[in-house]
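Asks: model08.cif is reproduced in full below (mmCIF, N, CA and C atoms and all ligand atoms).
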data_run
#
loop_
_atom_site.label_atom_id
_atom_site.label_comp_id
_atom_site.auth_asym_id
_atom_site.auth_seq_id
_atom_site.Cartn_x
_atom_site.Cartn_y
_atom_site.Cartn_z
N MET P 1 86.30 -163.70 -2.46
CA MET P 1 85.79 -165.00 -1.98
C MET P 1 86.24 -165.21 -0.53
N ASN P 2 85.28 -165.51 0.31
CA ASN P 2 85.63 -165.82 1.70
C ASN P 2 86.10 -167.26 1.79
N LEU P 3 87.14 -167.48 2.55
CA LEU P 3 87.70 -168.82 2.65
C LEU P 3 87.29 -169.51 3.94
N PRO P 4 87.08 -170.83 3.86
CA PRO P 4 86.78 -171.59 5.07
C PRO P 4 88.05 -171.79 5.90
N GLN P 5 87.91 -172.40 7.04
CA GLN P 5 89.07 -172.61 7.93
C GLN P 5 90.15 -173.45 7.26
N LEU P 6 89.72 -174.39 6.42
CA LEU P 6 90.69 -175.23 5.71
C LEU P 6 90.42 -175.12 4.20
N PRO P 7 91.01 -174.12 3.55
CA PRO P 7 90.80 -173.98 2.10
C PRO P 7 91.43 -175.16 1.35
N LEU P 8 90.69 -175.68 0.37
CA LEU P 8 91.18 -176.84 -0.38
C LEU P 8 91.49 -176.50 -1.83
N GLY P 9 91.14 -175.29 -2.26
CA GLY P 9 91.47 -174.87 -3.62
C GLY P 9 90.46 -175.33 -4.67
N VAL P 10 89.34 -175.87 -4.22
CA VAL P 10 88.27 -176.30 -5.11
C VAL P 10 87.06 -175.41 -4.78
N ARG P 11 86.63 -174.62 -5.77
CA ARG P 11 85.65 -173.57 -5.48
C ARG P 11 84.38 -174.10 -4.81
N VAL P 12 83.79 -175.16 -5.37
CA VAL P 12 82.52 -175.65 -4.80
C VAL P 12 82.71 -176.12 -3.35
N MET P 13 83.88 -176.67 -3.06
CA MET P 13 84.15 -177.10 -1.68
C MET P 13 84.34 -175.87 -0.78
N ASP P 14 85.21 -174.96 -1.19
CA ASP P 14 85.54 -173.83 -0.31
C ASP P 14 84.35 -172.91 -0.09
N GLU P 15 83.59 -172.63 -1.14
CA GLU P 15 82.43 -171.74 -0.98
C GLU P 15 81.39 -172.37 -0.05
N ASP P 16 81.09 -173.64 -0.30
CA ASP P 16 80.08 -174.31 0.52
C ASP P 16 80.56 -174.52 1.95
N HIS P 17 81.83 -174.89 2.11
CA HIS P 17 82.34 -175.11 3.46
C HIS P 17 82.31 -173.81 4.26
N PHE P 18 82.64 -172.70 3.61
CA PHE P 18 82.57 -171.41 4.30
C PHE P 18 81.13 -171.11 4.72
N ALA P 19 80.19 -171.31 3.81
CA ALA P 19 78.77 -171.03 4.12
C ALA P 19 78.29 -171.89 5.29
N LEU P 20 78.70 -173.15 5.31
CA LEU P 20 78.30 -174.03 6.41
C LEU P 20 78.94 -173.59 7.72
N GLU P 21 80.20 -173.18 7.67
CA GLU P 21 80.84 -172.67 8.89
C GLU P 21 80.07 -171.47 9.44
N GLN P 22 79.61 -170.61 8.54
CA GLN P 22 78.84 -169.44 8.99
C GLN P 22 77.53 -169.88 9.64
N MET P 23 76.91 -170.91 9.10
CA MET P 23 75.67 -171.41 9.71
C MET P 23 75.95 -171.97 11.11
N PHE P 24 77.02 -172.74 11.25
CA PHE P 24 77.35 -173.29 12.57
C PHE P 24 77.68 -172.17 13.56
N ALA P 25 78.30 -171.11 13.08
CA ALA P 25 78.72 -170.02 13.97
C ALA P 25 77.52 -169.27 14.56
N ARG P 26 76.36 -169.36 13.92
CA ARG P 26 75.17 -168.65 14.41
C ARG P 26 74.44 -169.42 15.52
N VAL P 27 74.79 -170.68 15.72
CA VAL P 27 74.03 -171.53 16.65
C VAL P 27 73.97 -170.97 18.08
N PRO P 28 75.07 -170.47 18.66
CA PRO P 28 74.99 -170.00 20.06
C PRO P 28 73.98 -168.88 20.26
N ALA P 29 73.69 -168.10 19.25
CA ALA P 29 72.79 -166.94 19.39
C ALA P 29 71.33 -167.27 19.11
N LEU P 30 71.03 -168.50 18.74
CA LEU P 30 69.65 -168.85 18.37
C LEU P 30 68.75 -169.00 19.59
N ALA P 31 67.50 -168.61 19.44
CA ALA P 31 66.51 -168.84 20.49
C ALA P 31 66.23 -170.34 20.59
N ASP P 32 65.87 -170.76 21.80
CA ASP P 32 65.60 -172.19 22.02
C ASP P 32 64.60 -172.75 21.02
N ASP P 33 63.54 -171.98 20.76
CA ASP P 33 62.48 -172.52 19.90
C ASP P 33 62.82 -172.46 18.41
N ALA P 34 64.02 -171.96 18.10
CA ALA P 34 64.45 -171.91 16.70
C ALA P 34 65.41 -173.06 16.35
N LEU P 35 65.82 -173.82 17.36
CA LEU P 35 66.89 -174.80 17.15
C LEU P 35 66.48 -175.95 16.23
N GLN P 36 65.24 -176.45 16.40
CA GLN P 36 64.81 -177.58 15.56
C GLN P 36 64.81 -177.21 14.07
N ALA P 37 64.24 -176.05 13.77
CA ALA P 37 64.19 -175.62 12.37
C ALA P 37 65.60 -175.37 11.84
N TYR P 38 66.47 -174.89 12.72
CA TYR P 38 67.84 -174.60 12.28
C TYR P 38 68.60 -175.90 11.99
N LEU P 39 68.39 -176.91 12.82
CA LEU P 39 69.01 -178.21 12.55
C LEU P 39 68.55 -178.72 11.18
N ASP P 40 67.26 -178.63 10.93
CA ASP P 40 66.73 -179.07 9.63
C ASP P 40 67.36 -178.28 8.48
N ALA P 41 67.51 -176.96 8.68
CA ALA P 41 68.09 -176.12 7.63
C ALA P 41 69.55 -176.48 7.36
N ILE P 42 70.31 -176.75 8.42
CA ILE P 42 71.72 -177.11 8.22
C ILE P 42 71.82 -178.47 7.52
N LEU P 43 70.98 -179.41 7.94
CA LEU P 43 71.03 -180.73 7.29
C LEU P 43 70.63 -180.62 5.81
N ASP P 44 69.65 -179.78 5.51
CA ASP P 44 69.28 -179.56 4.10
C ASP P 44 70.47 -178.99 3.33
N GLU P 45 71.16 -178.05 3.95
CA GLU P 45 72.30 -177.41 3.28
C GLU P 45 73.45 -178.41 3.10
N ILE P 46 73.67 -179.26 4.09
CA ILE P 46 74.72 -180.28 3.96
C ILE P 46 74.38 -181.23 2.81
N ARG P 47 73.13 -181.66 2.73
CA ARG P 47 72.72 -182.56 1.63
C ARG P 47 72.91 -181.88 0.27
N ALA P 48 72.50 -180.62 0.19
CA ALA P 48 72.65 -179.88 -1.08
C ALA P 48 74.12 -179.72 -1.43
N HIS P 49 74.93 -179.45 -0.43
CA HIS P 49 76.38 -179.33 -0.67
C HIS P 49 76.97 -180.64 -1.17
N PHE P 50 76.59 -181.75 -0.55
CA PHE P 50 77.11 -183.05 -0.98
C PHE P 50 76.74 -183.31 -2.44
N THR P 51 75.53 -182.96 -2.82
CA THR P 51 75.10 -183.16 -4.20
C THR P 51 75.95 -182.32 -5.16
N ARG P 52 76.19 -181.05 -4.81
CA ARG P 52 77.04 -180.19 -5.67
C ARG P 52 78.46 -180.72 -5.74
N GLU P 53 78.99 -181.13 -4.60
CA GLU P 53 80.38 -181.61 -4.53
C GLU P 53 80.55 -182.89 -5.36
N GLU P 54 79.61 -183.80 -5.23
CA GLU P 54 79.68 -185.05 -5.99
C GLU P 54 79.58 -184.78 -7.50
N ALA P 55 78.73 -183.84 -7.89
CA ALA P 55 78.59 -183.51 -9.31
C ALA P 55 79.91 -182.96 -9.85
N GLU P 56 80.56 -182.12 -9.08
CA GLU P 56 81.84 -181.55 -9.52
C GLU P 56 82.92 -182.63 -9.60
N MET P 57 82.93 -183.55 -8.64
CA MET P 57 83.91 -184.64 -8.67
C MET P 57 83.64 -185.57 -9.86
N GLU P 58 82.38 -185.75 -10.18
CA GLU P 58 82.02 -186.58 -11.34
C GLU P 58 82.50 -185.90 -12.63
N ARG P 59 82.30 -184.57 -12.71
CA ARG P 59 82.71 -183.82 -13.89
C ARG P 59 84.22 -183.93 -14.11
N VAL P 60 84.97 -183.85 -13.01
CA VAL P 60 86.44 -183.88 -13.09
C VAL P 60 86.97 -185.31 -13.25
N GLY P 61 86.16 -186.27 -12.83
CA GLY P 61 86.61 -187.67 -12.93
C GLY P 61 87.45 -188.10 -11.74
N VAL P 62 87.07 -187.65 -10.57
CA VAL P 62 87.79 -188.04 -9.35
C VAL P 62 87.61 -189.56 -9.15
N PRO P 63 88.70 -190.33 -9.18
CA PRO P 63 88.57 -191.80 -9.17
C PRO P 63 88.03 -192.38 -7.88
N ILE P 64 88.15 -191.66 -6.79
CA ILE P 64 87.66 -192.20 -5.51
C ILE P 64 86.25 -191.69 -5.19
N LEU P 65 85.54 -191.23 -6.22
CA LEU P 65 84.18 -190.72 -5.99
C LEU P 65 83.26 -191.76 -5.33
N PRO P 66 83.28 -193.04 -5.74
CA PRO P 66 82.39 -194.00 -5.07
C PRO P 66 82.65 -194.07 -3.56
N CYS P 67 83.92 -194.04 -3.18
CA CYS P 67 84.27 -194.04 -1.76
C CYS P 67 83.77 -192.77 -1.09
N HIS P 68 83.95 -191.66 -1.79
CA HIS P 68 83.53 -190.37 -1.23
C HIS P 68 82.01 -190.33 -1.02
N ARG P 69 81.28 -190.86 -2.01
CA ARG P 69 79.82 -190.93 -1.87
C ARG P 69 79.44 -191.75 -0.63
N SER P 70 80.14 -192.84 -0.41
CA SER P 70 79.86 -193.69 0.77
C SER P 70 80.11 -192.91 2.05
N GLN P 71 81.16 -192.09 2.05
CA GLN P 71 81.45 -191.28 3.24
C GLN P 71 80.36 -190.24 3.47
N HIS P 72 79.84 -189.66 2.39
CA HIS P 72 78.72 -188.72 2.53
C HIS P 72 77.51 -189.44 3.13
N ALA P 73 77.22 -190.63 2.63
CA ALA P 73 76.07 -191.39 3.14
C ALA P 73 76.27 -191.73 4.61
N ALA P 74 77.50 -192.10 4.98
CA ALA P 74 77.78 -192.45 6.38
C ALA P 74 77.60 -191.23 7.28
N LEU P 75 78.04 -190.08 6.81
CA LEU P 75 77.89 -188.85 7.61
C LEU P 75 76.41 -188.52 7.80
N LEU P 76 75.63 -188.66 6.73
CA LEU P 76 74.19 -188.36 6.84
C LEU P 76 73.49 -189.36 7.77
N ALA P 77 73.96 -190.61 7.78
CA ALA P 77 73.39 -191.60 8.71
C ALA P 77 73.71 -191.21 10.15
N GLU P 78 74.93 -190.76 10.40
CA GLU P 78 75.30 -190.27 11.73
C GLU P 78 74.46 -189.06 12.11
N ALA P 79 74.23 -188.19 11.16
CA ALA P 79 73.44 -187.00 11.41
C ALA P 79 72.00 -187.37 11.79
N GLU P 80 71.49 -188.44 11.21
CA GLU P 80 70.14 -188.89 11.57
C GLU P 80 70.10 -189.38 13.01
N LYS P 81 71.16 -190.08 13.45
CA LYS P 81 71.23 -190.50 14.85
C LYS P 81 71.27 -189.28 15.75
N LEU P 82 72.02 -188.29 15.34
CA LEU P 82 72.12 -187.05 16.10
C LEU P 82 70.75 -186.38 16.20
N ARG P 83 70.00 -186.43 15.11
CA ARG P 83 68.66 -185.83 15.13
C ARG P 83 67.76 -186.53 16.14
N GLU P 84 67.90 -187.85 16.28
CA GLU P 84 67.10 -188.58 17.25
C GLU P 84 67.46 -188.16 18.68
N SER P 85 68.76 -187.98 18.95
CA SER P 85 69.19 -187.50 20.27
C SER P 85 68.66 -186.10 20.51
N PHE P 86 68.70 -185.29 19.48
CA PHE P 86 68.27 -183.90 19.56
C PHE P 86 66.84 -183.80 20.07
N ALA P 87 65.98 -184.72 19.63
CA ALA P 87 64.55 -184.65 19.96
C ALA P 87 64.30 -184.74 21.45
N ARG P 88 65.19 -185.40 22.20
CA ARG P 88 64.96 -185.55 23.64
C ARG P 88 65.95 -184.75 24.48
N ALA P 89 66.68 -183.85 23.85
CA ALA P 89 67.72 -183.08 24.57
C ALA P 89 67.20 -181.72 25.02
N GLU P 90 67.80 -181.22 26.10
CA GLU P 90 67.53 -179.86 26.58
C GLU P 90 68.15 -178.86 25.60
N PRO P 91 67.69 -177.60 25.65
CA PRO P 91 68.20 -176.61 24.69
C PRO P 91 69.73 -176.46 24.67
N ALA P 92 70.39 -176.47 25.83
CA ALA P 92 71.85 -176.31 25.83
C ALA P 92 72.51 -177.47 25.09
N MET P 93 71.99 -178.68 25.30
CA MET P 93 72.55 -179.84 24.59
C MET P 93 72.19 -179.79 23.11
N ARG P 94 71.01 -179.26 22.80
CA ARG P 94 70.64 -179.11 21.38
C ARG P 94 71.65 -178.21 20.67
N ARG P 95 72.02 -177.12 21.34
CA ARG P 95 73.03 -176.23 20.75
C ARG P 95 74.35 -176.97 20.56
N HIS P 96 74.72 -177.78 21.55
CA HIS P 96 75.96 -178.55 21.47
C HIS P 96 75.90 -179.56 20.32
N LEU P 97 74.76 -180.22 20.17
CA LEU P 97 74.64 -181.24 19.12
C LEU P 97 74.77 -180.63 17.73
N ILE P 98 74.24 -179.42 17.55
CA ILE P 98 74.38 -178.77 16.24
C ILE P 98 75.75 -178.12 16.12
N GLY P 99 76.05 -177.23 17.06
CA GLY P 99 77.23 -176.36 16.94
C GLY P 99 78.55 -177.05 17.20
N TYR P 100 78.51 -178.20 17.87
CA TYR P 100 79.76 -178.93 18.10
C TYR P 100 79.74 -180.31 17.45
N ALA P 101 78.80 -181.17 17.84
CA ALA P 101 78.82 -182.56 17.36
C ALA P 101 78.66 -182.64 15.84
N LEU P 102 77.65 -181.98 15.31
CA LEU P 102 77.45 -182.02 13.85
C LEU P 102 78.56 -181.25 13.13
N ALA P 103 78.96 -180.13 13.70
CA ALA P 103 80.05 -179.35 13.09
C ALA P 103 81.33 -180.17 13.04
N GLN P 104 81.60 -180.97 14.09
CA GLN P 104 82.80 -181.81 14.11
C GLN P 104 82.73 -182.92 13.08
N LEU P 105 81.55 -183.52 12.92
CA LEU P 105 81.39 -184.56 11.90
C LEU P 105 81.80 -184.00 10.54
N LEU P 106 81.31 -182.80 10.25
CA LEU P 106 81.62 -182.20 8.95
C LEU P 106 83.09 -181.79 8.86
N ALA P 107 83.62 -181.21 9.93
CA ALA P 107 85.03 -180.78 9.92
C ALA P 107 85.95 -181.97 9.71
N ASN P 108 85.64 -183.09 10.35
CA ASN P 108 86.46 -184.30 10.18
C ASN P 108 86.41 -184.78 8.73
N HIS P 109 85.23 -184.71 8.13
CA HIS P 109 85.08 -185.12 6.74
C HIS P 109 85.91 -184.22 5.82
N ILE P 110 85.84 -182.92 6.07
CA ILE P 110 86.57 -181.96 5.23
C ILE P 110 88.08 -182.20 5.34
N ALA P 111 88.54 -182.44 6.56
CA ALA P 111 89.98 -182.59 6.79
C ALA P 111 90.52 -183.93 6.30
N SER P 112 89.63 -184.87 6.02
CA SER P 112 90.10 -186.18 5.57
C SER P 112 89.65 -186.44 4.12
N VAL P 113 88.42 -186.84 3.93
CA VAL P 113 87.95 -187.27 2.61
C VAL P 113 87.98 -186.13 1.58
N ASP P 114 87.52 -184.94 2.00
CA ASP P 114 87.54 -183.82 1.05
C ASP P 114 88.97 -183.42 0.71
N GLN P 115 89.81 -183.40 1.73
CA GLN P 115 91.22 -183.03 1.51
C GLN P 115 91.85 -183.98 0.49
N ILE P 116 91.62 -185.27 0.64
CA ILE P 116 92.20 -186.26 -0.28
C ILE P 116 91.59 -186.09 -1.68
N SER P 117 90.28 -185.95 -1.75
CA SER P 117 89.62 -185.83 -3.05
C SER P 117 90.05 -184.56 -3.78
N SER P 118 90.32 -183.51 -3.04
CA SER P 118 90.72 -182.24 -3.67
C SER P 118 92.03 -182.38 -4.44
N GLN P 119 92.84 -183.36 -4.08
CA GLN P 119 94.12 -183.56 -4.75
C GLN P 119 93.94 -183.95 -6.22
N PHE P 120 92.77 -184.47 -6.56
CA PHE P 120 92.54 -184.95 -7.93
C PHE P 120 92.08 -183.84 -8.88
N PHE P 121 91.84 -182.66 -8.33
CA PHE P 121 91.45 -181.52 -9.19
C PHE P 121 92.73 -180.89 -9.72
N ASP P 122 92.84 -180.79 -11.04
CA ASP P 122 94.08 -180.24 -11.59
C ASP P 122 93.98 -178.75 -11.89
N ASP P 123 92.83 -178.15 -11.59
CA ASP P 123 92.67 -176.71 -11.81
C ASP P 123 92.43 -175.99 -10.49
N LYS P 124 93.14 -176.42 -9.46
CA LYS P 124 92.90 -175.88 -8.13
C LYS P 124 93.28 -174.40 -8.05
N ILE P 125 92.54 -173.68 -7.23
CA ILE P 125 92.81 -172.26 -7.02
C ILE P 125 94.07 -172.14 -6.15
N ASP P 126 95.02 -171.34 -6.62
CA ASP P 126 96.24 -171.10 -5.84
C ASP P 126 96.05 -169.79 -5.08
N TYR P 127 95.51 -169.89 -3.89
CA TYR P 127 95.20 -168.68 -3.12
C TYR P 127 96.45 -167.88 -2.80
N ALA P 128 97.55 -168.57 -2.60
CA ALA P 128 98.79 -167.86 -2.24
C ALA P 128 99.26 -166.95 -3.36
N ALA P 129 98.89 -167.30 -4.60
CA ALA P 129 99.35 -166.52 -5.74
C ALA P 129 98.43 -165.32 -6.03
N LEU P 130 97.32 -165.25 -5.34
CA LEU P 130 96.35 -164.19 -5.59
C LEU P 130 96.57 -163.01 -4.66
N ALA P 131 96.31 -161.83 -5.15
CA ALA P 131 96.31 -160.66 -4.29
C ALA P 131 95.02 -160.69 -3.47
N PRO P 132 94.99 -160.04 -2.30
CA PRO P 132 93.76 -160.04 -1.50
C PRO P 132 92.56 -159.56 -2.32
N GLY P 133 91.48 -160.34 -2.28
CA GLY P 133 90.27 -159.95 -2.99
C GLY P 133 90.18 -160.50 -4.41
N ASP P 134 91.26 -161.04 -4.95
CA ASP P 134 91.25 -161.52 -6.34
C ASP P 134 90.47 -162.81 -6.52
N ALA P 135 90.28 -163.56 -5.47
CA ALA P 135 89.65 -164.88 -5.62
C ALA P 135 88.14 -164.79 -5.78
N ALA P 136 87.56 -163.63 -5.63
CA ALA P 136 86.10 -163.50 -5.68
C ALA P 136 85.53 -163.87 -7.03
FE FE P 201 82.76 -184.39 0.82
#
Output the file's structure in the form of structure tokens.
Replies:
Amino acid sequence: MNLPQLPLGVRVMDEDHFALEQMFARVPALADDALQAYLDAILDEIRAHFTREEAEMERVGVPILPCHRSQHAALLAEAEKLRESFARAEPAMRRHLIGYALAQLLANHIASVDQISSQFFDDKIDYAALAPGDAA
């Protein structure tokens, strides 16, 4: 299992966060005319990830799930504002809006709300106890 920059020990979080990091990492190499579709693809993936993450928190009974859902909604609202800016931006700024601004929104969420919510999972993966490659 590949780990994201901030592993939280919750599989659905770590797998999805890693996949999103990989998507953000591809932004500098994209052609100008591919940026709009790529923004749409990342936003679709973020929405799908939020749905999976919320379902897992519901299954486990994370007590702050209503707050977490609100944070997801707030992030998606910010992302919509970013999309409006994107429409009138030059290609270099479009890359910045996806690869930095949107990536930072998500990184801040992971380091705060996700980090706190992960504490409520009692079956967390102990990566330190695993030999390399065992977490797959
Ligand atoms: Fe989250």
Asks: What separation in Å, quoted to one decimal, exists between atom N of P:Pro63 and atom CA of P:Phe120?
Replies: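 Computed distance, atom N of P:Pro63 to atom CA of P:Phe120, equals 6.7 Å.
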Asks: What residues in chain P get the DSSP label alpha helix (DSSP H)? Please answer as a PyMOL selection string.
Replies: chain P and resi 11-25+35-60+65-87+91-96+103-109+115-118
Asks: Please find the residues contacting ligand FE 201 (chain P) at a distance of at most 7 Å between atoms, with only C-alpha atoms and all ligand atoms counted, and report them as a ChimeraX atom specification.
Replies: /P:50,53,68,72,109-110,113-114
Asks: Residues near P:Asp33, anyone? I mean within 8 Å using all atoms listed in the file, not counting same-chain ones fewer than 4 positions away, as a list in words.
Replies: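 With the cut-off at 8 Å, the set is Ala37, Tyr38 and Pro91 of chain P.
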Asks: Write a file of the selected residues as a short mmCIF file (atom, residue, chain, number, x, y, z; two decimals), keeping the file's coordinate frame, keeping N, CA and C atoms.
Replies:
data_model
loop_
_atom_site.label_atom_id
_atom_site.label_comp_id
_atom_site.auth_asym_id
_atom_site.auth_seq_id
_atom_site.Cartn_x
_atom_site.Cartn_y
_atom_site.Cartn_z
N ALA P 37 64.24 -176.05 13.77
CA ALA P 37 64.19 -175.62 12.37
C ALA P 37 65.60 -175.37 11.84
N TYR P 38 66.47 -174.89 12.72
CA TYR P 38 67.84 -174.60 12.28
C TYR P 38 68.60 -175.90 11.99
N PRO P 91 67.69 -177.60 25.65
CA PRO P 91 68.20 -176.61 24.69
C PRO P 91 69.73 -176.46 24.67
#
Asks: Skip P:Ser85 itself and residues of its chain fewer than 6 positions away, then list as an mmCIF file with N, CA and C atoms, keeping the file's coordinate frame all residues within 8 Å of it, counting all atoms listed in the file.
Replies:
data_model
loop_
_atom_site.group_PDB
_atom_site.id
_atom_site.type_symbol
_atom_site.label_atom_id
_atom_site.label_comp_id
_atom_site.auth_asym_id
_atom_site.auth_seq_id
_atom_site.Cartn_x
_atom_site.Cartn_y
_atom_site.Cartn_z
ATOM 1 N N ALA P 79 74.230 -188.190 11.160
ATOM 2 C CA ALA P 79 73.440 -187.000 11.410
ATOM 3 C C ALA P 79 72.000 -187.370 11.790
ATOM 4 N N MET P 93 71.990 -178.680 25.300
ATOM 5 C CA MET P 93 72.550 -179.840 24.590
ATOM 6 C C MET P 93 72.190 -179.790 23.110
ATOM 7 N N ARG P 94 71.010 -179.260 22.800
ATOM 8 C CA ARG P 94 70.640 -179.110 21.380
ATOM 9 C C ARG P 94 71.650 -178.210 20.670
ATOM 10 N N LEU P 97 74.760 -180.220 20.170
ATOM 11 C CA LEU P 97 74.640 -181.240 19.120
ATOM 12 C C LEU P 97 74.770 -180.630 17.730
#
Asks: Could you work out an axis-aligned bounding box for all listed atoms of stretch 72-82 of chain P, with 6 Å added on each of the six sides, and give its centre and edge lengths in Å to one decimal, as JSON?
Replies:
{"center_x": 75.0, "center_y": -189.4, "center_z": 9.3, "size_x": 21.7, "size_y": 18.1, "size_z": 25.8}
Asks: So how many Å separate atom CA of P:Gln36 and atom CA of P:Gln71, to one decimal?
Replies: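 Atom-to-atom, atom CA of P:Gln36 and atom CA of P:Gln71 are spaced 24.8 Å apart.
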Asks: For a quick check of understanding, using all atoms listed in the file, which of P:Arg26, P:Glu80, P:Arg69, P:Arg88 has the smallest distance to P:Glu54?
Replies: P:Arg69
Asks: Enter the distance from atom CA of P:Ile116 to atom CA of P:His96, in Å, rounded to one decimal.
Replies: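 Atom CA of P:His96 lies 28.2 Å from atom CA of P:Ile116.
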Asks: Applying 10 Å and only C-alpha atoms, which residues near P:Gly99 remain after dropping the ones on its own chain fewer than 2 positions away? List them as number ranges by chain.
Replies: P: 21, 23-28, 39, 93-97, 101-104
